[in-house]
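K.L.:
Structure: input-v2.pdb, PDB, C-alpha atoms.
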MODEL        1
ATOM      1  CA  MET A1244     -16.486  -2.782  15.172  1.00  0.00           C
ATOM      2  CA  GLN A1245     -16.981  -5.399  17.877  1.00  0.00           C
ATOM      3  CA  ILE A1246     -19.941  -6.835  15.930  1.00  0.00           C
ATOM      4  CA  ALA A1247     -17.846  -7.028  12.743  1.00  0.00           C
ATOM      5  CA  ILE A1248     -15.136  -8.908  14.629  1.00  0.00           C
ATOM      6  CA  GLN A1249     -17.691 -11.394  15.987  1.00  0.00           C
ATOM      7  CA  ILE A1250     -19.113 -12.016  12.501  1.00  0.00           C
ATOM      8  CA  PHE A1251     -15.571 -12.493  11.152  1.00  0.00           C
ATOM      9  CA  LYS A1252     -14.705 -14.978  13.915  1.00  0.00           C
ATOM     10  CA  LYS A1253     -17.879 -16.959  13.320  1.00  0.00           C
ATOM     11  CA  LYS A1254     -17.441 -17.044   9.542  1.00  0.00           C
ATOM     12  CA  TYR A1255     -13.866 -18.361   9.762  1.00  0.00           C
ATOM     13  CA  ASN A1256     -14.334 -20.533  12.863  1.00  0.00           C
ATOM     14  CA  ILE A1257     -11.834 -18.553  14.909  1.00  0.00           C
ATOM     15  CA  GLU A1258     -11.934 -19.342  18.598  1.00  0.00           C
ATOM     16  CA  LYS A1259      -9.110 -17.181  19.909  1.00  0.00           C
ATOM     17  CA  GLU A1260      -9.800 -13.643  21.004  1.00  0.00           C
ATOM     18  CA  ILE A1261      -9.364 -10.892  18.439  1.00  0.00           C
ATOM     19  CA  LYS A1262      -8.594  -7.676  20.213  1.00  0.00           C
ATOM     20  CA  LEU A1263     -10.013  -4.467  18.931  1.00  0.00           C
ATOM     21  CA  THR A1264      -7.023  -2.454  17.765  1.00  0.00           C
ATOM     22  CA  ARG A1265      -6.145   0.267  15.342  1.00  0.00           C
ATOM     23  CA  LYS A1266      -2.748  -1.291  14.606  1.00  0.00           C
ATOM     24  CA  PHE A1267      -4.016  -3.633  11.886  1.00  0.00           C
ATOM     25  CA  VAL A1268      -7.086  -5.042  10.231  1.00  0.00           C
ATOM     26  CA  PRO A1269      -7.785  -8.640  11.339  1.00  0.00           C
ATOM     27  CA  VAL A1270      -7.466 -11.031   8.404  1.00  0.00           C
ATOM     28  CA  ASN A1271      -7.572 -14.774   7.937  1.00  0.00           C
ATOM     29  CA  PHE A1272      -4.029 -15.691   6.824  1.00  0.00           C
ATOM     30  CA  THR A1273      -2.311 -18.967   6.010  1.00  0.00           C
ATOM     31  CA  LYS A1274       1.339 -19.096   4.952  1.00  0.00           C
ATOM     32  CA  ASP A1275       1.855 -20.468   1.447  1.00  0.00           C
ATOM     33  CA  SER A1276       5.332 -21.766   0.600  1.00  0.00           C
ATOM     34  CA  HIS A1277       4.533 -21.648  -3.139  1.00  0.00           C
ATOM     35  CA  ILE A1278       4.470 -17.857  -3.194  1.00  0.00           C
ATOM     36  CA  PRO A1279       7.917 -16.559  -4.211  1.00  0.00           C
ATOM     37  CA  ASN A1280       9.890 -13.854  -2.376  1.00  0.00           C
ATOM     38  CA  TYR A1281      10.483 -10.449  -3.932  1.00  0.00           C
ATOM     39  CA  ASP A1282      12.456  -7.468  -2.776  1.00  0.00           C
ATOM     40  CA  VAL A1283       9.580  -5.104  -3.549  1.00  0.00           C
ATOM     41  CA  VAL A1284       5.886  -5.922  -3.813  1.00  0.00           C
ATOM     42  CA  MET A1285       3.587  -3.118  -4.907  1.00  0.00           C
ATOM     43  CA  VAL A1286      -0.014  -2.044  -5.370  1.00  0.00           C
ATOM     44  CA  THR A1287      -0.085   0.304  -8.357  1.00  0.00           C
ATOM     45  CA  LYS A1288      -3.718   1.375  -8.678  1.00  0.00           C
ATOM     46  CA  SER A1289      -6.290   2.715  -6.270  1.00  0.00           C
ATOM     47  CA  GLY A1290      -9.970   1.946  -6.510  1.00  0.00           C
ATOM     48  CA  PHE A1291     -11.838   3.025  -9.650  1.00  0.00           C
ATOM     49  CA  TRP A1292     -13.869   5.571  -7.732  1.00  0.00           C
ATOM     50  CA  ALA A1293     -10.899   7.836  -6.885  1.00  0.00           C
ATOM     51  CA  PRO A1294      -8.297   7.735  -9.696  1.00  0.00           C
ATOM     52  CA  VAL A1295      -6.830  10.995  -8.351  1.00  0.00           C
ATOM     53  CA  ARG A1296      -5.016   8.739  -5.843  1.00  0.00           C
ATOM     54  CA  ASN A1297      -3.017   6.959  -8.568  1.00  0.00           C
ATOM     55  CA  TRP A1298       0.695   7.735  -8.884  1.00  0.00           C
ATOM     56  CA  PRO A1299       1.630   8.117 -12.574  1.00  0.00           C
ATOM     57  CA  TYR A1300       5.262   6.929 -12.388  1.00  0.00           C
ATOM     58  CA  PHE A1301       5.102   3.242 -11.475  1.00  0.00           C
ATOM     59  CA  THR A1302       6.312   2.146 -14.935  1.00  0.00           C
ATOM     60  CA  GLU A1303       9.460   4.219 -14.540  1.00  0.00           C
ATOM     61  CA  LEU A1304       9.968   2.994 -10.969  1.00  0.00           C
ATOM     62  CA  LYS A1305       9.756  -0.637 -12.112  1.00  0.00           C
ATOM     63  CA  GLN A1306      12.297   0.037 -14.855  1.00  0.00           C
ATOM     64  CA  ARG A1307      14.716   1.614 -12.375  1.00  0.00           C
ATOM     65  CA  LEU A1308      14.307  -1.270  -9.911  1.00  0.00           C
ATOM     66  CA  SER A1309      15.021  -3.774 -12.712  1.00  0.00           C
ATOM     67  CA  GLU A1310      18.131  -1.840 -13.757  1.00  0.00           C
ATOM     68  CA  LEU A1311      19.369  -2.116 -10.174  1.00  0.00           C
ATOM     69  CA  LYS A1312      18.621  -5.869 -10.150  1.00  0.00           C
ATOM     70  CA  ILE A1313      16.019  -5.412  -7.432  1.00  0.00           C
ATOM     71  CA  THR A1314      13.222  -7.926  -7.817  1.00  0.00           C
ATOM     72  CA  TRP A1315       9.697  -6.568  -7.834  1.00  0.00           C
ATOM     73  CA  PHE A1316       6.157  -7.824  -8.280  1.00  0.00           C
ATOM     74  CA  ASP A1317       3.030  -5.812  -9.129  1.00  0.00           C
ATOM     75  CA  LEU A1318       0.037  -7.221  -7.240  1.00  0.00           C
ATOM     76  CA  THR A1319      -2.406  -4.996  -9.122  1.00  0.00           C
ATOM     77  CA  GLU A1320      -1.168  -5.848 -12.594  1.00  0.00           C
ATOM     78  CA  ASN A1321      -1.258  -9.569 -11.777  1.00  0.00           C
ATOM     79  CA  LYS A1322      -4.695  -9.322 -10.135  1.00  0.00           C
ATOM     80  CA  ILE A1323      -3.494 -10.985  -6.924  1.00  0.00           C
ATOM     81  CA  GLN A1324      -6.041 -11.056  -4.103  1.00  0.00           C
ATOM     82  CA  ASN A1325      -6.945 -12.660  -0.781  1.00  0.00           C
ATOM     83  CA  ASN A1326      -4.470 -15.040   0.886  1.00  0.00           C
ATOM     84  CA  ASP A1327      -2.055 -14.905  -2.069  1.00  0.00           C
ATOM     85  CA  PHE A1328      -1.976 -11.110  -1.758  1.00  0.00           C
ATOM     86  CA  LEU A1329      -1.158 -11.351   1.935  1.00  0.00           C
ATOM     87  CA  ASN A1330       1.585 -13.929   1.291  1.00  0.00           C
ATOM     88  CA  TYR A1331       3.303 -11.699  -1.261  1.00  0.00           C
ATOM     89  CA  VAL A1332       3.181  -8.780   1.178  1.00  0.00           C
ATOM     90  CA  HIS A1333       4.337 -10.938   4.091  1.00  0.00           C
ATOM     91  CA  LYS A1334       7.313 -12.299   2.132  1.00  0.00           C
ATOM     92  CA  SER A1335       8.417  -9.006   0.592  1.00  0.00           C
ATOM     93  CA  LYS A1336      11.276  -6.949   1.931  1.00  0.00           C
ATOM     94  CA  VAL A1337       9.430  -3.726   1.041  1.00  0.00           C
ATOM     95  CA  PHE A1338       5.725  -3.202   0.406  1.00  0.00           C
ATOM     96  CA  VAL A1339       4.864  -0.109  -1.690  1.00  0.00           C
ATOM     97  CA  THR A1340       1.230   0.910  -1.982  1.00  0.00           C
ATOM     98  CA  LEU A1341      -1.152   3.756  -2.480  1.00  0.00           C
ATOM     99  CA  GLU A1342      -3.634   4.907   0.122  1.00  0.00           C
ATOM    100  CA  THR A1343      -6.280   2.405  -0.849  1.00  0.00           C
ATOM    101  CA  GLY A1344      -8.117  -0.583   0.590  1.00  0.00           C
ATOM    102  CA  ALA A1345      -5.044  -2.721  -0.024  1.00  0.00           C
ATOM    103  CA  SER A1346      -3.108  -0.680   2.521  1.00  0.00           C
ATOM    104  CA  HIS A1347      -5.689  -1.516   5.172  1.00  0.00           C
ATOM    105  CA  TYR A1348      -5.850  -5.173   4.157  1.00  0.00           C
ATOM    106  CA  ALA A1349      -2.054  -5.576   4.394  1.00  0.00           C
ATOM    107  CA  SER A1350      -1.728  -3.602   7.630  1.00  0.00           C
ATOM    108  CA  GLN A1351      -1.087  -6.665   9.796  1.00  0.00           C
ATOM    109  CA  PHE A1352       2.103  -7.447   7.870  1.00  0.00           C
ATOM    110  CA  VAL A1353       3.762  -4.058   7.623  1.00  0.00           C
ATOM    111  CA  ASN A1354       5.841  -1.740   9.719  1.00  0.00           C
ATOM    112  CA  ASN A1355       7.686   1.487   9.085  1.00  0.00           C
ATOM    113  CA  GLN A1356      10.836  -0.457   8.178  1.00  0.00           C
ATOM    114  CA  ASN A1357       9.249  -2.360   5.287  1.00  0.00           C
ATOM    115  CA  SER A1358       6.310  -0.300   4.086  1.00  0.00           C
ATOM    116  CA  LEU A1359       5.803   2.779   2.019  1.00  0.00           C
ATOM    117  CA  VAL A1360       2.584   4.544   1.042  1.00  0.00           C
ATOM    118  CA  ILE A1361       2.550   7.064  -1.779  1.00  0.00           C
ATOM    119  CA  GLN A1362      -0.082   9.435  -0.419  1.00  0.00           C
ATOM    120  CA  SER A1363      -2.218  11.631  -2.653  1.00  0.00           C
ATOM    121  CA  GLY A1364      -3.963  14.805  -1.599  1.00  0.00           C
ATOM    122  CA  TYR A1365      -7.298  12.975  -1.533  1.00  0.00           C
ATOM    123  CA  CYS A1366      -7.031  13.051   2.257  1.00  0.00           C
ATOM    124  CA  HIS A1367      -4.310  13.514   4.838  1.00  0.00           C
ATOM    125  CA  ASN A1368      -2.655  10.289   5.988  1.00  0.00           C
ATOM    126  CA  SER A1369      -3.732  10.973   9.570  1.00  0.00           C
ATOM    127  CA  PHE A1370      -7.290  10.381   8.341  1.00  0.00           C
ATOM    128  CA  TRP A1371      -6.644   6.680   7.651  1.00  0.00           C
ATOM    129  CA  ASN A1372      -3.077   5.691   8.619  1.00  0.00           C
ATOM    130  CA  PHE A1373      -3.439   4.136  12.066  1.00  0.00           C
ATOM    131  CA  TYR A1374      -0.748   1.622  11.171  1.00  0.00           C
ATOM    132  CA  ASP A1375       3.027   1.957  10.884  1.00  0.00           C
ATOM    133  CA  TYR A1376       3.250   2.958   7.234  1.00  0.00           C
ATOM    134  CA  ASP A1377       6.020   5.267   6.146  1.00  0.00           C
ATOM    135  CA  VAL A1378       4.368   7.903   3.945  1.00  0.00           C
ATOM    136  CA  ILE A1379       5.635   9.965   1.029  1.00  0.00           C
ATOM    137  CA  SER A1380       3.407  12.877   0.087  1.00  0.00           C
ATOM    138  CA  HIS A1381       3.497  16.280  -1.542  1.00  0.00           C
ATOM    139  CA  GLU A1382       1.505  18.893   0.305  1.00  0.00           C
ATOM    140  CA  THR A1383      -0.875  21.013  -1.776  1.00  0.00           C
ATOM    141  CA  GLN A1384      -3.402  23.716  -0.974  1.00  0.00           C
ATOM    142  CA  CYS A1385      -6.212  21.419  -2.039  1.00  0.00           C
ATOM    143  CA  GLN A1386      -5.242  18.497   0.205  1.00  0.00           C
ATOM    144  CA  GLY A1387      -8.336  16.824   1.569  1.00  0.00           C
ATOM    145  CA  CYS A1388     -10.277  17.264  -1.675  1.00  0.00           C
ATOM    146  CA  PHE A1389     -11.935  13.815  -1.526  1.00  0.00           C
ATOM    147  CA  ILE A1390     -12.387  13.983  -5.303  1.00  0.00           C
ATOM    148  CA  THR A1391     -14.167  10.918  -6.672  1.00  0.00           C
ATOM    149  CA  HIS A1392     -14.402   9.572 -10.201  1.00  0.00           C
ATOM    150  CA  LYS A1393     -17.184  12.032 -10.991  1.00  0.00           C
ATOM    151  CA  ALA A1394     -14.956  15.080 -10.590  1.00  0.00           C
ATOM    152  CA  GLN A1395     -11.705  16.208 -12.163  1.00  0.00           C
ATOM    153  CA  CYS A1396      -8.749  17.528 -10.179  1.00  0.00           C
ATOM    154  CA  PHE A1397      -8.579  21.285 -10.714  1.00  0.00           C
ATOM    155  CA  ASN A1398      -4.939  21.323  -9.601  1.00  0.00           C
ATOM    156  CA  GLY A1399      -3.538  18.952 -12.239  1.00  0.00           C
ATOM    157  CA  GLN A1400      -3.020  16.138  -9.705  1.00  0.00           C
ATOM    158  CA  LYS A1401       0.068  17.950  -8.372  1.00  0.00           C
ATOM    159  CA  CYS A1402      -0.181  15.999  -5.130  1.00  0.00           C
ATOM    160  CA  MET A1403       0.921  12.869  -7.027  1.00  0.00           C
ATOM    161  CA  LYS A1404       2.774  14.261 -10.058  1.00  0.00           C
ATOM    162  CA  ASN A1405       5.176  16.179  -7.789  1.00  0.00           C
ATOM    163  CA  ILE A1406       6.306  12.982  -6.050  1.00  0.00           C
ATOM    164  CA  ASN A1407       9.166  12.010  -8.311  1.00  0.00           C
ATOM    165  CA  VAL A1408      10.583   8.559  -9.003  1.00  0.00           C
ATOM    166  CA  GLU A1409      13.933   9.402  -7.386  1.00  0.00           C
ATOM    167  CA  LEU A1410      12.266  10.173  -4.069  1.00  0.00           C
ATOM    168  CA  VAL A1411      10.333   6.893  -4.029  1.00  0.00           C
ATOM    169  CA  LEU A1412      13.294   4.880  -5.332  1.00  0.00           C
ATOM    170  CA  ASN A1413      15.651   6.333  -2.710  1.00  0.00           C
ATOM    171  CA  LYS A1414      13.181   5.498   0.056  1.00  0.00           C
ATOM    172  CA  ILE A1415      12.928   1.904  -1.215  1.00  0.00           C
ATOM    173  CA  LEU A1416      16.725   1.612  -1.440  1.00  0.00           C
ATOM    174  CA  GLU A1417      17.019   2.944   2.103  1.00  0.00           C
ATOM    175  CA  LYS A1418      14.564   0.315   3.336  1.00  0.00           C
ATOM    176  CA  LEU A1419      16.466  -2.407   1.466  1.00  0.00           C
ATOM    177  CA  ASN A1420      19.731  -1.010   2.831  1.00  0.00           C
ATOM    178  CA  VAL A1421      21.101  -0.724  -0.728  1.00  0.00           C
ATOM    179  CA  LYS A1422      23.641   1.935  -1.647  1.00  0.00           C
ATOM    180  CA  ILE A1423      24.105   3.059  -5.253  1.00  0.00           C
TER     181      ILE A1423
ENDMDL
END
For the file at hand, write its structure as structure tokens.

P.N.:
Amino acid sequence: MQIAIQIFKKKYNIEKEIKLTRKFVPVNFTKDSHIPNYDVVMVTKSGFWAPVRNWPYFTELKQRLSELKITWFDLTENKIQNNDFLNYVHKSKVFVTLETGASHYASQFVNNQNSLVIQSGYCHNSFWNFYDYDVISHETQCQGCFITHKAQCFNGQKCMKNINVELVLNKILEKLNVKI
């Protein structure tokens, strides 16, 4: 890890010390005033190699947020990456993501008060969540399956399908301090 940090510092001409920590992934970030603010910014797809980690109810969640006049932006759908991605996350009131690379990338800008990970049964969140993400999950017997794109879930993806929209919506509303 120390070698990776040194390569990163050299590549981006960073002189200050970067401490080795498990609290966030070091990223090169520059604030961009052109990026708008949203109440909720979300990552709605995991990597192609593990679709079992995708939550099937984002469309319904977006509809419910719109009905409540809560602004939202889908980083995945809009193919937002790099510094723009980090600016959207940084400016959001709540960041909702799946357990995917994006959750690591955004880790420097989140805390339990403004972040939410919808966790599949692919692995337990203690396997990767060294940050301050608030996690919603549904425990199953097959948790820790590490199913990749080459295999099908033999349990009907219950780990994700049993996390309903109301649960996620209520957690977002709680973080926004919105009562309905």

K.L.:
Provide the atom CA of Ser1346 of chain A to atom CA of Val1283 of chain A distance in Å, to one decimal place.

P.N.:
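Between atom CA of Ser1346 of chain A and atom CA of Val1283 of chain A the gap is 14.7 Å.
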
K.L.:
Atom CA of Phe1338 of chain A to atom CA of Val1353 of chain A: how many Å, to one decimal?

P.N.:
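Computing it gives 7.5 Å between the two atoms.
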
K.L.:
For the atom pair atom CA of Ile1415 of chain A and atom CA of Thr1314 of chain A, what is the interatomic distance in Å to one decimal place?

P.N.:
11.8 Å

K.L.:
Take the PyMOL selection byres ((chain A and resi 1412) around 12), apply it to the structure above, and return the hits as number ranges by chain.

P.N.:
A: 1283, 1300-1301, 1303-1311, 1313, 1337, 1339, 1359, 1361, 1379, 1406-1411, 1413-1423

K.L.:
A:Thr1273, A:Thr1343, A:Thr1383, A:Asn1321: which is nearest Gly1290 of chain A, counting all atoms listed in the file?

P.N.:
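Looking at the shortest contact to Gly1290 of chain A, the residue is A:Thr1343.
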
K.L.:
Name the residues, using the chain letters and numbers of the file, that sit within 9 Å of (3.7, 11.3, -1.4) when counting only C-alpha atoms, and give them as a PyMOL selection string.

P.N.:
chain A and resi 1298+1360-1364+1378-1382+1402-1403+1405-1407+1411

K.L.:
Excluding Ser1335 of chain A and any residue of its chain fewer than 6 positions from it, enumerate the residues within 12 Å of it, using only C-alpha atoms, and give them as a PDB file with C-alpha atoms, in the frame of the given file.

P.N.:
ATOM      1  CA  ILE A1278       4.470 -17.857  -3.194  1.00  0.00           C
ATOM      2  CA  PRO A1279       7.917 -16.559  -4.211  1.00  0.00           C
ATOM      3  CA  ASN A1280       9.890 -13.854  -2.376  1.00  0.00           C
ATOM      4  CA  TYR A1281      10.483 -10.449  -3.932  1.00  0.00           C
ATOM      5  CA  ASP A1282      12.456  -7.468  -2.776  1.00  0.00           C
ATOM      6  CA  VAL A1283       9.580  -5.104  -3.549  1.00  0.00           C
ATOM      7  CA  VAL A1284       5.886  -5.922  -3.813  1.00  0.00           C
ATOM      8  CA  MET A1285       3.587  -3.118  -4.907  1.00  0.00           C
ATOM      9  CA  ILE A1313      16.019  -5.412  -7.432  1.00  0.00           C
ATOM     10  CA  THR A1314      13.222  -7.926  -7.817  1.00  0.00           C
ATOM     11  CA  TRP A1315       9.697  -6.568  -7.834  1.00  0.00           C
ATOM     12  CA  PHE A1316       6.157  -7.824  -8.280  1.00  0.00           C
ATOM     13  CA  ASP A1317       3.030  -5.812  -9.129  1.00  0.00           C
ATOM     14  CA  LEU A1318       0.037  -7.221  -7.240  1.00  0.00           C
ATOM     15  CA  PHE A1328      -1.976 -11.110  -1.758  1.00  0.00           C
ATOM     16  CA  LEU A1329      -1.158 -11.351   1.935  1.00  0.00           C
ATOM     17  CA  ALA A1349      -2.054  -5.576   4.394  1.00  0.00           C
ATOM     18  CA  PHE A1352       2.103  -7.447   7.870  1.00  0.00           C
ATOM     19  CA  VAL A1353       3.762  -4.058   7.623  1.00  0.00           C
ATOM     20  CA  ASN A1354       5.841  -1.740   9.719  1.00  0.00           C
ATOM     21  CA  GLN A1356      10.836  -0.457   8.178  1.00  0.00           C
ATOM     22  CA  ASN A1357       9.249  -2.360   5.287  1.00  0.00           C
ATOM     23  CA  SER A1358       6.310  -0.300   4.086  1.00  0.00           C
ATOM     24  CA  ILE A1415      12.928   1.904  -1.215  1.00  0.00           C
ATOM     25  CA  LYS A1418      14.564   0.315   3.336  1.00  0.00           C
ATOM     26  CA  LEU A1419      16.466  -2.407   1.466  1.00  0.00           C
TER      27      LEU A1419
END

K.L.:
Kindly indicate which residue among A:Asn1330, A:Leu1341, A:Tyr1374, A:Gln1324 lies nearest to Pro1294 of chain A, using all atoms listed in the file for the distances.

P.N.:
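Using all atoms listed in the file, the shortest distance to Pro1294 of chain A belongs to A:Leu1341.
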
K.L.:
Need to verify the contact set: Ile1257 of chain A, 10 Å, only C-alpha atoms, exclusion of same-chain residues closer than 6 positions in sequence. Can you return it as a list in words?

P.N.:
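The residues that qualify are Gln1249, Phe1251 and Asn1271 of chain A.
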
K.L.:
Edge lengths and centre in Å to one decimal, as JSON, of the axis-aligned box that encloses all listed atoms of segment 1304-1309 of chain A with 3 Å added on every side?

P.N.:
{"center_x": 12.4, "center_y": -0.4, "center_z": -12.4, "size_x": 11.3, "size_y": 12.8, "size_z": 10.9}

K.L.:
Using only C-alpha atoms and a cutoff of 9 Å, can you tell me which residues are near (-3.1, -4.2, -11.0) in the file's coordinates, and write them out as a PyMOL selection string?

P.N.:
chain A and resi 1286-1289+1317-1323

K.L.:
Near Ser1276 of chain A, counting all atoms listed in the file, which residues have an atom at most 12 Å away, once you skip same-chain residues fewer than 5 positions from it, shown as a PyMOL selection string?

P.N.:
chain A and resi 1326-1327+1330-1331+1333-1334
